[in-house]
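The structure file target-v8.pdb is reproduced below (PDB, C-alpha atoms and all ligand atoms).
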ATOM      1  CA  MET A 382       0.000   0.000   0.000
ATOM      2  CA  ALA A 383       1.313   3.440  -0.871
ATOM      3  CA  SER A 384       2.241   5.722   2.015
ATOM      4  CA  GLU A 385       1.323   9.360   2.532
ATOM      5  CA  PHE A 386       4.577  10.318   0.756
ATOM      6  CA  GLU A 387       3.114   9.146  -2.537
ATOM      7  CA  ARG A 388       1.549  12.596  -2.760
ATOM      8  CA  HIS A 389       4.977  13.831  -3.876
ATOM      9  CA  LEU A 390       4.644  11.835  -7.107
ATOM     10  CA  ILE A 391       4.414  13.928 -10.259
ATOM     11  CA  GLN A 392       1.630  12.415 -12.303
ATOM     12  CA  PRO A 393       2.712  11.649 -15.872
ATOM     13  CA  GLY A 394       2.043  14.649 -18.076
ATOM     14  CA  ALA A 395       1.059  16.917 -15.182
ATOM     15  CA  LYS A 396       2.124  20.532 -15.418
ATOM     16  CA  VAL A 397       4.595  21.445 -12.672
ATOM     17  CA  ARG A 398       4.912  24.898 -11.137
ATOM     18  CA  LEU A 399       7.687  24.714  -8.579
ATOM     19  CA  ALA A 400       6.648  28.013  -6.994
ATOM     20  CA  ASP A 401       3.404  26.310  -5.896
ATOM     21  CA  HIS A 402       5.308  23.737  -3.828
ATOM     22  CA  ASP A 403       6.501  24.627  -0.352
ATOM     23  CA  PRO A 404      10.128  23.435   0.090
ATOM     24  CA  SER A 405       9.751  23.442   3.870
ATOM     25  CA  GLU A 406       6.628  21.279   4.021
ATOM     26  CA  THR A 407       6.786  18.613   6.748
ATOM     27  CA  ARG A 408       3.086  17.946   7.490
ATOM     28  CA  GLU A 409       2.712  16.516  11.002
ATOM     29  CA  TRP A 410       6.280  15.223  11.207
ATOM     30  CA  THR A 411       8.863  16.553  13.629
ATOM     31  CA  LYS A 412      12.600  15.982  13.584
ATOM     32  CA  LYS A 413      12.221  13.451  16.389
ATOM     33  CA  THR A 414       9.342  11.424  14.941
ATOM     34  CA  ALA A 415      10.849  11.516  11.445
ATOM     35  CA  ARG A 416      14.208  10.230  12.635
ATOM     36  CA  ALA A 417      12.602   7.418  14.628
ATOM     37  CA  ARG A 418      10.544   6.368  11.607
ATOM     38  CA  LEU A 419      13.566   6.632   9.320
ATOM     39  CA  ASP A 420      15.403   4.045  11.424
ATOM     40  CA  GLU A 421      12.484   1.626  11.052
ATOM     41  CA  VAL A 422      12.188   2.226   7.324
ATOM     42  CA  LYS A 423      15.927   1.708   6.823
ATOM     43  CA  ALA A 424      15.863  -1.583   8.702
ATOM     44  CA  ARG A 425      13.157  -2.835   6.337
ATOM     45  CA  LEU A 426      14.967  -1.423   3.280
ATOM     46  CA  HIS A 427      18.027  -3.378   4.316
ATOM     47  CA  VAL A 428      16.096  -6.652   4.298
ATOM     48  CA  LEU A 429      14.435  -5.914   0.961
ATOM     49  CA  HIS A 430      17.781  -5.050  -0.579
ATOM     50  CA  GLU A 431      19.188  -8.393   0.549
ATOM     51  CA  MET A 432      16.204 -10.058  -1.115
ATOM     52  CA  LEU A 433      16.701  -8.045  -4.296
ATOM     53  CA  HIS A 434      20.343  -9.069  -4.340
ATOM     54  CA  ALA A 435      19.542 -12.714  -3.555
ATOM     55  CA  ASN A 436      16.914 -12.976  -6.296
ATOM     56  CA  GLY A 437      18.886 -11.119  -8.969
ATOM     57  CA  LYS A 438      15.710 -10.308 -10.886
ATOM     58  CA  HIS A 439      15.409  -6.589 -10.288
ATOM     59  CA  GLY A 440      17.732  -3.626 -10.011
ATOM     60  CA  LEU A 441      17.025  -0.198  -8.587
ATOM     61  CA  LEU A 442      18.263   3.097  -9.965
ATOM     62  CA  VAL A 443      17.718   6.130  -7.751
ATOM     63  CA  VAL A 444      18.263   9.482  -9.470
ATOM     64  CA  LEU A 445      18.995  12.516  -7.286
ATOM     65  CA  GLN A 446      18.773  15.992  -8.788
ATOM     66  CA  GLY A 447      18.444  19.515  -7.456
ATOM     67  CA  MET A 448      20.202  22.839  -7.093
ATOM     68  CA  ASP A 449      23.617  23.046  -5.387
ATOM     69  CA  ALA A 450      23.450  22.244  -1.666
ATOM     70  CA  CYS A 451      20.000  20.659  -2.059
ATOM     71  CA  GLY A 452      21.178  17.546  -0.207
ATOM     72  CA  LYS A 453      22.100  14.936  -2.796
ATOM     73  CA  ASP A 454      25.176  13.920  -0.818
ATOM     74  CA  GLY A 455      23.121  13.946   2.377
ATOM     75  CA  VAL A 456      20.642  11.451   0.961
ATOM     76  CA  ILE A 457      23.467   9.166  -0.079
ATOM     77  CA  LYS A 458      24.933   9.423   3.417
ATOM     78  CA  HIS A 459      21.729   9.022   5.404
ATOM     79  CA  VAL A 460      19.498   6.843   3.222
ATOM     80  CA  ALA A 461      21.798   4.835   0.964
ATOM     81  CA  ASP A 462      23.614   3.442   4.004
ATOM     82  CA  ALA A 463      20.551   1.249   4.562
ATOM     83  CA  PHE A 464      21.686  -0.825   1.601
ATOM     84  CA  ASN A 465      24.395  -3.463   1.757
ATOM     85  CA  HIS A 466      27.542  -2.202   0.039
ATOM     86  CA  ILE A 467      28.035  -5.576  -1.546
ATOM     87  CA  ALA A 468      25.470  -4.557  -4.170
ATOM     88  CA  CYS A 469      25.027  -0.807  -3.844
ATOM     89  CA  TYR A 470      27.048   2.116  -5.138
ATOM     90  CA  ALA A 471      26.829   5.832  -5.835
ATOM     91  CA  ALA A 472      27.763   7.330  -9.204
ATOM     92  CA  PRO A 473      28.480  11.070  -9.488
ATOM     93  CA  PHE A 474      28.103  12.940 -12.772
ATOM     94  CA  LYS A 475      30.541  15.797 -13.288
ATOM     95  CA  VAL A 476      31.308  18.023 -16.265
ATOM     96  CA  PRO A 477      31.754  15.529 -19.131
ATOM     97  CA  THR A 478      35.277  14.718 -20.299
ATOM     98  CA  LYS A 479      36.398  15.051 -23.904
ATOM     99  CA  VAL A 480      35.891  11.352 -24.473
ATOM    100  CA  GLU A 481      32.406  11.471 -22.959
ATOM    101  CA  LEU A 482      31.504  14.484 -25.098
ATOM    102  CA  ALA A 483      32.606  12.599 -28.196
ATOM    103  CA  HIS A 484      29.764  10.111 -27.544
ATOM    104  CA  ASP A 485      26.010  10.455 -27.262
ATOM    105  CA  PHE A 486      24.910  11.921 -23.917
ATOM    106  CA  LEU A 487      23.635   8.599 -22.557
ATOM    107  CA  TRP A 488      26.867   6.711 -23.200
ATOM    108  CA  ARG A 489      28.527   7.498 -19.875
ATOM    109  CA  VAL A 490      25.238   7.035 -18.056
ATOM    110  CA  HIS A 491      24.375   3.628 -19.457
ATOM    111  CA  ALA A 492      27.835   2.368 -18.494
ATOM    112  CA  VAL A 493      27.112   2.817 -14.772
ATOM    113  CA  THR A 494      23.475   1.747 -14.559
ATOM    114  CA  PRO A 495      22.827  -1.006 -12.022
ATOM    115  CA  GLY A 496      22.418  -4.583 -13.126
ATOM    116  CA  ARG A 497      19.739  -6.887 -11.732
ATOM    117  CA  GLY A 498      20.427  -7.422  -8.021
ATOM    118  CA  GLN A 499      22.107  -4.023  -7.660
ATOM    119  CA  VAL A 500      21.118  -0.603  -6.374
ATOM    120  CA  ALA A 501      22.706   2.598  -7.688
ATOM    121  CA  PHE A 502      22.331   6.169  -6.487
ATOM    122  CA  PHE A 503      23.012   8.748  -9.190
ATOM    123  CA  ASN A 504      24.362  11.999  -7.792
ATOM    124  CA  ARG A 505      23.233  14.150 -10.740
ATOM    125  CA  SER A 506      22.477  12.227 -13.893
ATOM    126  CA  HIS A 507      21.536  12.320 -17.568
ATOM    127  CA  TYR A 508      19.089  15.069 -16.571
ATOM    128  CA  GLU A 509      22.032  17.502 -16.479
ATOM    129  CA  ASP A 510      21.836  17.230 -20.261
ATOM    130  CA  VAL A 511      18.467  19.014 -20.253
ATOM    131  CA  LEU A 512      19.253  21.263 -17.245
ATOM    132  CA  VAL A 513      22.713  22.881 -17.123
ATOM    133  CA  VAL A 514      23.160  22.148 -20.820
ATOM    134  CA  ARG A 515      19.914  23.951 -21.604
ATOM    135  CA  VAL A 516      20.433  26.912 -19.271
ATOM    136  CA  GLU A 517      24.040  27.439 -20.360
ATOM    137  CA  SER A 518      23.240  26.798 -24.052
ATOM    138  CA  LEU A 519      25.991  24.183 -24.282
ATOM    139  CA  VAL A 520      24.330  22.612 -27.313
ATOM    140  CA  PRO A 521      21.773  24.067 -29.771
ATOM    141  CA  GLU A 522      18.146  24.030 -28.635
ATOM    142  CA  ALA A 523      17.205  21.535 -31.345
ATOM    143  CA  VAL A 524      19.647  19.079 -29.753
ATOM    144  CA  TRP A 525      18.513  19.316 -26.119
ATOM    145  CA  ARG A 526      14.845  19.355 -27.110
ATOM    146  CA  GLN A 527      15.164  15.844 -28.550
ATOM    147  CA  ARG A 528      16.647  14.551 -25.336
ATOM    148  CA  TYR A 529      13.452  14.254 -23.298
ATOM    149  CA  GLU A 530      12.237  11.584 -25.663
ATOM    150  CA  ALA A 531      15.625   9.845 -25.677
ATOM    151  CA  ILE A 532      15.596   9.854 -21.862
ATOM    152  CA  ASN A 533      12.109   8.341 -21.697
ATOM    153  CA  ASP A 534      13.100   5.617 -24.163
ATOM    154  CA  PHE A 535      16.305   4.916 -22.223
ATOM    155  CA  GLU A 536      14.516   4.634 -18.887
ATOM    156  CA  ARG A 537      11.852   2.394 -20.450
ATOM    157  CA  LEU A 538      14.634   0.136 -21.708
ATOM    158  CA  LEU A 539      16.069  -0.118 -18.197
ATOM    159  CA  MET A 540      12.644  -0.883 -16.763
ATOM    160  CA  ARG A 541      12.084  -3.643 -19.321
ATOM    161  CA  ASN A 542      15.382  -5.113 -18.268
ATOM    162  CA  GLY A 543      14.151  -5.340 -14.659
ATOM    163  CA  VAL A 544      15.693  -2.090 -13.385
ATOM    164  CA  MET A 545      13.288   0.117 -11.490
ATOM    165  CA  VAL A 546      14.027   3.819 -11.986
ATOM    166  CA  VAL A 547      12.896   6.249  -9.264
ATOM    167  CA  LYS A 548      13.795   9.923  -9.545
ATOM    168  CA  PHE A 549      13.843  12.572  -6.834
ATOM    169  CA  TYR A 550      13.987  16.310  -7.327
ATOM    170  CA  LEU A 551      15.168  17.812  -4.027
ATOM    171  CA  HIS A 552      13.240  21.059  -3.797
ATOM    172  CA  ILE A 553      14.990  23.730  -1.713
ATOM    173  CA  SER A 554      14.315  27.448  -1.464
ATOM    174  CA  SER A 555      16.932  29.965  -2.601
ATOM    175  CA  GLU A 556      17.031  31.232   0.999
ATOM    176  CA  GLU A 557      17.843  27.757   2.336
ATOM    177  CA  GLN A 558      20.541  27.397  -0.316
ATOM    178  CA  ARG A 559      22.052  30.710   0.786
ATOM    179  CA  GLU A 560      22.165  29.549   4.409
ATOM    180  CA  ARG A 561      23.751  26.238   3.498
ATOM    181  CA  MET A 562      26.372  27.953   1.345
ATOM    182  CA  GLU A 563      27.163  30.343   4.209
ATOM    183  CA  ASP A 564      27.479  27.401   6.596
ATOM    184  CA  ARG A 565      30.013  25.889   4.219
ATOM    185  CA  LEU A 566      31.974  29.126   4.259
ATOM    186  CA  ARG A 567      32.072  29.152   8.045
ATOM    187  CA  THR A 568      32.894  25.476   8.596
ATOM    188  CA  PRO A 569      36.497  24.493   7.758
ATOM    189  CA  GLU A 570      35.523  20.817   7.356
ATOM    190  CA  ASP A 571      33.036  21.892   4.674
ATOM    191  CA  HIS A 572      35.278  24.268   2.727
ATOM    192  CA  TYR A 573      35.912  21.589   0.149
ATOM    193  CA  LYS A 574      32.212  21.661  -0.720
ATOM    194  CA  PHE A 575      32.260  25.391  -1.419
ATOM    195  CA  ARG A 576      32.590  26.354  -5.065
ATOM    196  CA  VAL A 577      32.674  29.956  -6.258
ATOM    197  CA  GLY A 578      31.297  28.635  -9.538
ATOM    198  CA  ASP A 579      28.054  27.756  -7.735
ATOM    199  CA  PHE A 580      27.213  31.481  -7.578
ATOM    200  CA  ALA A 581      26.845  31.635 -11.351
ATOM    201  CA  THR A 582      24.331  28.789 -11.207
ATOM    202  CA  ARG A 583      22.520  30.411  -8.281
ATOM    203  CA  ALA A 584      22.226  33.674 -10.236
ATOM    204  CA  LYS A 585      20.233  31.794 -12.872
ATOM    205  CA  TRP A 586      17.795  30.336 -10.334
ATOM    206  CA  ASP A 587      14.635  31.118 -12.318
ATOM    207  CA  GLU A 588      16.027  29.680 -15.532
ATOM    208  CA  TYR A 589      16.922  26.490 -13.700
ATOM    209  CA  MET A 590      13.427  26.296 -12.214
ATOM    210  CA  THR A 591      11.956  26.510 -15.719
ATOM    211  CA  ALA A 592      14.319  23.807 -16.961
ATOM    212  CA  TYR A 593      13.431  21.580 -14.005
ATOM    213  CA  GLU A 594       9.707  22.140 -14.487
ATOM    214  CA  GLN A 595       9.967  20.974 -18.055
ATOM    215  CA  ALA A 596      12.150  17.960 -17.247
ATOM    216  CA  LEU A 597       9.760  16.872 -14.483
ATOM    217  CA  ARG A 598       6.766  17.286 -16.721
ATOM    218  CA  ARG A 599       8.199  15.615 -19.814
ATOM    219  CA  CYS A 600       9.934  12.741 -18.034
ATOM    220  CA  SER A 601       7.705  11.663 -15.156
ATOM    221  CA  THR A 602       6.367   8.441 -16.632
ATOM    222  CA  ALA A 603       4.552   5.402 -15.299
ATOM    223  CA  GLU A 604       7.774   3.437 -15.845
ATOM    224  CA  ALA A 605      10.162   5.963 -14.280
ATOM    225  CA  PRO A 606       8.373   8.503 -12.077
ATOM    226  CA  TRP A 607       9.666  11.772 -10.665
ATOM    227  CA  TYR A 608       8.971  12.743  -7.067
ATOM    228  CA  LEU A 609       9.142  16.369  -5.969
ATOM    229  CA  ILE A 610      10.564  16.242  -2.442
ATOM    230  CA  PRO A 611      10.354  19.232  -0.085
ATOM    231  CA  ALA A 612      13.999  19.406   0.982
ATOM    232  CA  ASP A 613      14.509  22.460   3.186
ATOM    233  CA  LYS A 614      14.236  20.139   6.203
ATOM    234  CA  LYS A 615      16.841  17.453   5.831
ATOM    235  CA  TRP A 616      15.089  15.019   8.168
ATOM    236  CA  TYR A 617      11.837  15.229   6.214
ATOM    237  CA  ARG A 618      13.678  14.799   2.892
ATOM    238  CA  ASN A 619      15.453  11.669   4.135
ATOM    239  CA  LEU A 620      12.294  10.092   5.493
ATOM    240  CA  ALA A 621      10.229  10.834   2.381
ATOM    241  CA  ILE A 622      12.830   9.333   0.053
ATOM    242  CA  ALA A 623      13.442   6.262   2.200
ATOM    243  CA  GLN A 624       9.725   5.578   2.552
ATOM    244  CA  ILE A 625       9.029   5.993  -1.161
ATOM    245  CA  LEU A 626      11.853   3.576  -1.986
ATOM    246  CA  LEU A 627      10.492   1.131   0.557
ATOM    247  CA  ASP A 628       6.975   1.354  -0.919
ATOM    248  CA  ARG A 629       8.359   0.731  -4.400
ATOM    249  CA  LEU A 630      10.436  -2.260  -3.304
ATOM    250  CA  GLU A 631       7.500  -3.726  -1.331
ATOM    251  CA  ARG A 632       5.427  -3.585  -4.508
ATOM    252  CA  LEU A 633       7.794  -6.059  -6.161
ATOM    253  CA  GLY A 634       6.368  -8.723  -3.835
ATOM    254  CA  MET A 635       9.771 -10.369  -3.380
ATOM    255  CA  SER A 636      10.485 -13.414  -1.245
ATOM    256  CA  TRP A 637      13.652 -15.312  -0.353
ATOM    257  CA  PRO A 638      14.806 -17.692  -3.095
ATOM    258  CA  PRO A 639      14.365 -21.381  -2.153
ATOM    259  CA  LEU A 640      17.179 -23.853  -1.520
ATOM    260  CA  GLU A 641      18.452 -25.376  -4.758
ATOM    261  CA  GLU A 642      16.657 -28.587  -5.632
ATOM    262  CA  GLU A 643      19.471 -31.027  -4.737
ATOM    263  CA  ALA A 644      19.714 -29.516  -1.266
ATOM    264  CA  GLN A 645      16.019 -29.779  -0.452
ATOM    265  CA  GLY A 646      15.420 -31.894   2.626
ATOM    266  CA  MET A 647      19.029 -31.524   3.820
ATOM    267  CA  THR A 648      19.383 -30.223   7.368
ATOM    268  CA  ALA A 649      22.946 -31.233   8.292
ATOM    269  CA  ILE A 650      26.307 -31.605   6.561
ATOM    270  CA  ALA A 651      28.544 -34.604   7.210
ATOM    271  CA  PRO A 652      31.902 -33.749   8.848
ATOM    272  CA  LEU A 653      35.018 -34.139   6.661
ATOM    273  CA  GLY A 654      37.250 -37.193   7.062
TER     274      GLY A 654
HETATM  275  P1  LIG B   1      28.481  18.406  -7.166
HETATM  276  O1  LIG B   1      27.981  19.821  -7.248
HETATM  277  O2  LIG B   1      27.621  17.439  -7.929
HETATM  278  O3  LIG B   1      28.763  17.952  -5.763
HETATM  279  P2  LIG B   1      30.734  19.427  -8.632
HETATM  280  O4  LIG B   1      30.858  20.648  -7.777
HETATM  281  O5  LIG B   1      31.954  18.786  -9.186
HETATM  282  O6  LIG B   1      29.890  18.293  -7.899
HETATM  283  O7  LIG B   1      29.746  19.818  -9.830
HETATM  284  C1  LIG B   1      29.531  19.008 -10.908
HETATM  285  C2  LIG B   1      29.209  19.943 -12.053
HETATM  286  O8  LIG B   1      29.147  19.191 -13.252
HETATM  287  C3  LIG B   1      27.883  20.665 -11.894
HETATM  288  O9  LIG B   1      28.053  22.033 -12.062
HETATM  289  C4  LIG B   1      27.045  20.076 -13.027
HETATM  290  O10 LIG B   1      26.101  20.980 -13.540
HETATM  291  C5  LIG B   1      28.108  19.726 -14.023
HETATM  292  N1  LIG B   1      27.646  18.729 -14.989
HETATM  293  C6  LIG B   1      27.193  17.493 -14.750
HETATM  294  N2  LIG B   1      26.801  16.898 -15.890
HETATM  295  C7  LIG B   1      27.009  17.782 -16.885
HETATM  296  C8  LIG B   1      26.798  17.775 -18.290
HETATM  297  N3  LIG B   1      26.266  16.702 -18.893
HETATM  298  N4  LIG B   1      27.148  18.862 -18.987
HETATM  299  C9  LIG B   1      27.679  19.945 -18.385
HETATM  300  N5  LIG B   1      27.903  20.033 -17.066
HETATM  301  C10 LIG B   1      27.569  18.974 -16.316
END

Encoded form using structure tokens:
Amino acid sequence: MASEFERHLIQPGAKVRLADHDPSETREWTKKTARARLDEVKARLHVLHEMLHANGKHGLLVVLQGMDACGKDGVIKHVADAFNHIACYAAPFKVPTKVELAHDFLWRVHAVTPGRGQVAFFNRSHYEDVLVVRVESLVPEAVWRQRYEAINDFERLLMRNGVMVVKFYLHISSEEQRERMEDRLRTPEDHYKFRVGDFATRAKWDEYMTAYEQALRRCSTAEAPWYLIPADKKWYRNLAIAQILLDRLERLGMSWPPLEEEAQGMTAIAPLG
């Protein structure tokens, strides 16, 4: 059964106006109740991941997108640690290299998609190719406009291969971003996260919102949905994402694989020698 967090789903084809969504929404949750529930959800996620790995029939690709300091790393730290590292990894997407740019935009992405039995968290993704690339005019409009369709086809291909794709847009306010950037300035341990280049992106906030609105609208599909997560409160963001992933994994109706046939009925193993 879907949880209350399913309300963050963007219905396929629905028009999205980010300004209508409150980034600090938490409903009745408090930091304390959300953290307690998160622990329970993560314990269950851990079990379901073991089952996913044991069965080897499904994979899970989690896409994380949002403005700088929206919390992509935080989700990987606080939610992805529920999964067993034996079959879970995070893949970051940076400015493409020369070799990557010499290929189609999905080339580098496809190479790191999870196989069946695996879970991958994408820290940024192929969506950069219709976000930063669009806002900064890195390719002609005719090129990025075709990409929504290519993305939908690509994600459908993954789904047909058993890989569930779930995408989260971490919605923060520009004020919250400012505070987080200032915190980074004031905290020596966080200086490495501070990039002067992020100001240029921040200055184009409205253009990015338009690009996000279109990506969410064009690419939230039944096969690979987008969720719009209020992310000003980190504890609410973590709980919402963990619970949505749990709901999606529960829907697979997985069970533990049985003993192989020749071992059925065995309960003990004879000592050697
Ligand atoms: P992050 O902000 O993800 O922690 P960085 O500070 O290294 O890591 O930023 C990565 C940068 O790479 C971002 O500015 C992002 O917009 C950019 N980027 C990612 N993918 C692409 C792409 N396909 N084309 C151009 N720039 C990209």

Name the closest residue to ligand LIG 1 (chain B) among the candidates A:Asp534, A:Asp628, A:Glu387, A:Glu509; distances are taken between atoms, counting only C-alpha atoms and all ligand atoms. A:Glu509

Please enclose the listed atoms of ligand LIG 1 (chain B) in an axis-aligned box, pad each side by 3 Å, and write out the centre and the three edge lengths in Å, rounded to one decimal, as AutoDock Vina command-line options.
--center_x 29.0 --center_y 19.4 --center_z -12.4 --size_x 11.9 --size_y 11.3 --size_z 19.2

If you take all atoms listed in the file and a cut-off of 7 Å, which residues of chain A touch ligand LIG 1 (chain B), and what are their nearest atom pairs and distances in Å to one decimal, in chain and number order, as a Markdown table?
| residue | atom | partner | partner_atom | distance |
| --- | --- | --- | --- | --- |
| A:Asp449 | CA | B:LIG1 | O1 | 5.7 |
| A:Pro473 | CA | B:LIG1 | O2 | 6.6 |
| A:Phe474 | CA | B:LIG1 | C6 | 5.0 |
| A:Lys475 | CA | B:LIG1 | O8 | 3.7 |
| A:Val476 | CA | B:LIG1 | C10 | 3.9 |
| A:Pro477 | CA | B:LIG1 | C8 | 5.5 |
| A:Asn504 | CA | B:LIG1 | O2 | 6.3 |
| A:Arg505 | CA | B:LIG1 | O2 | 6.2 |
| A:Ser506 | CA | B:LIG1 | N2 | 6.7 |
| A:His507 | CA | B:LIG1 | N3 | 6.6 |
| A:Glu509 | CA | B:LIG1 | N2 | 4.8 |
| A:Asp510 | CA | B:LIG1 | N3 | 4.7 |
| A:Val513 | CA | B:LIG1 | O10 | 5.3 |
| A:Val514 | CA | B:LIG1 | N4 | 5.5 |
| A:Arg576 | CA | B:LIG1 | O4 | 6.6 |

Could you save the residues just selected, with C-alpha atoms, as a CSV table (one decimal), in the coordinates of the input?
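Produced file again.csv, reproduced below:
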chain,number,residue,atom,x,y,z
A,449,ASP,CA,23.6,23.0,-5.4
A,473,PRO,CA,28.5,11.1,-9.5
A,474,PHE,CA,28.1,12.9,-12.8
A,475,LYS,CA,30.5,15.8,-13.3
A,476,VAL,CA,31.3,18.0,-16.3
A,477,PRO,CA,31.8,15.5,-19.1
A,504,ASN,CA,24.4,12.0,-7.8
A,505,ARG,CA,23.2,14.2,-10.7
A,506,SER,CA,22.5,12.2,-13.9
A,507,HIS,CA,21.5,12.3,-17.6
A,509,GLU,CA,22.0,17.5,-16.5
A,510,ASP,CA,21.8,17.2,-20.3
A,513,VAL,CA,22.7,22.9,-17.1
A,514,VAL,CA,23.2,22.1,-20.8
A,576,ARG,CA,32.6,26.4,-5.1

Distance of CA of Ala472 (chain A) from CA of Gly447 (chain A), expressed in Å to one decimal place: 15.4 Å

Any idea what's packed within 10 Å of Met540 (chain A), counting all atoms listed in the file, ignoring anything in its chain fewer than 2 positions away? Could you give it as an MDAnalysis selection string? chainID A and resid 439:442 534:538 542:546 604:605

Tell me which of A:Ala623, A:Phe502, A:Val460, A:Asp613 sits closest to Glu560 (chain A), counting all atoms listed in the file.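 Nearest candidate to Glu560 (chain A) out of A:Ala623, A:Phe502, A:Val460, A:Asp613: A:Asp613.
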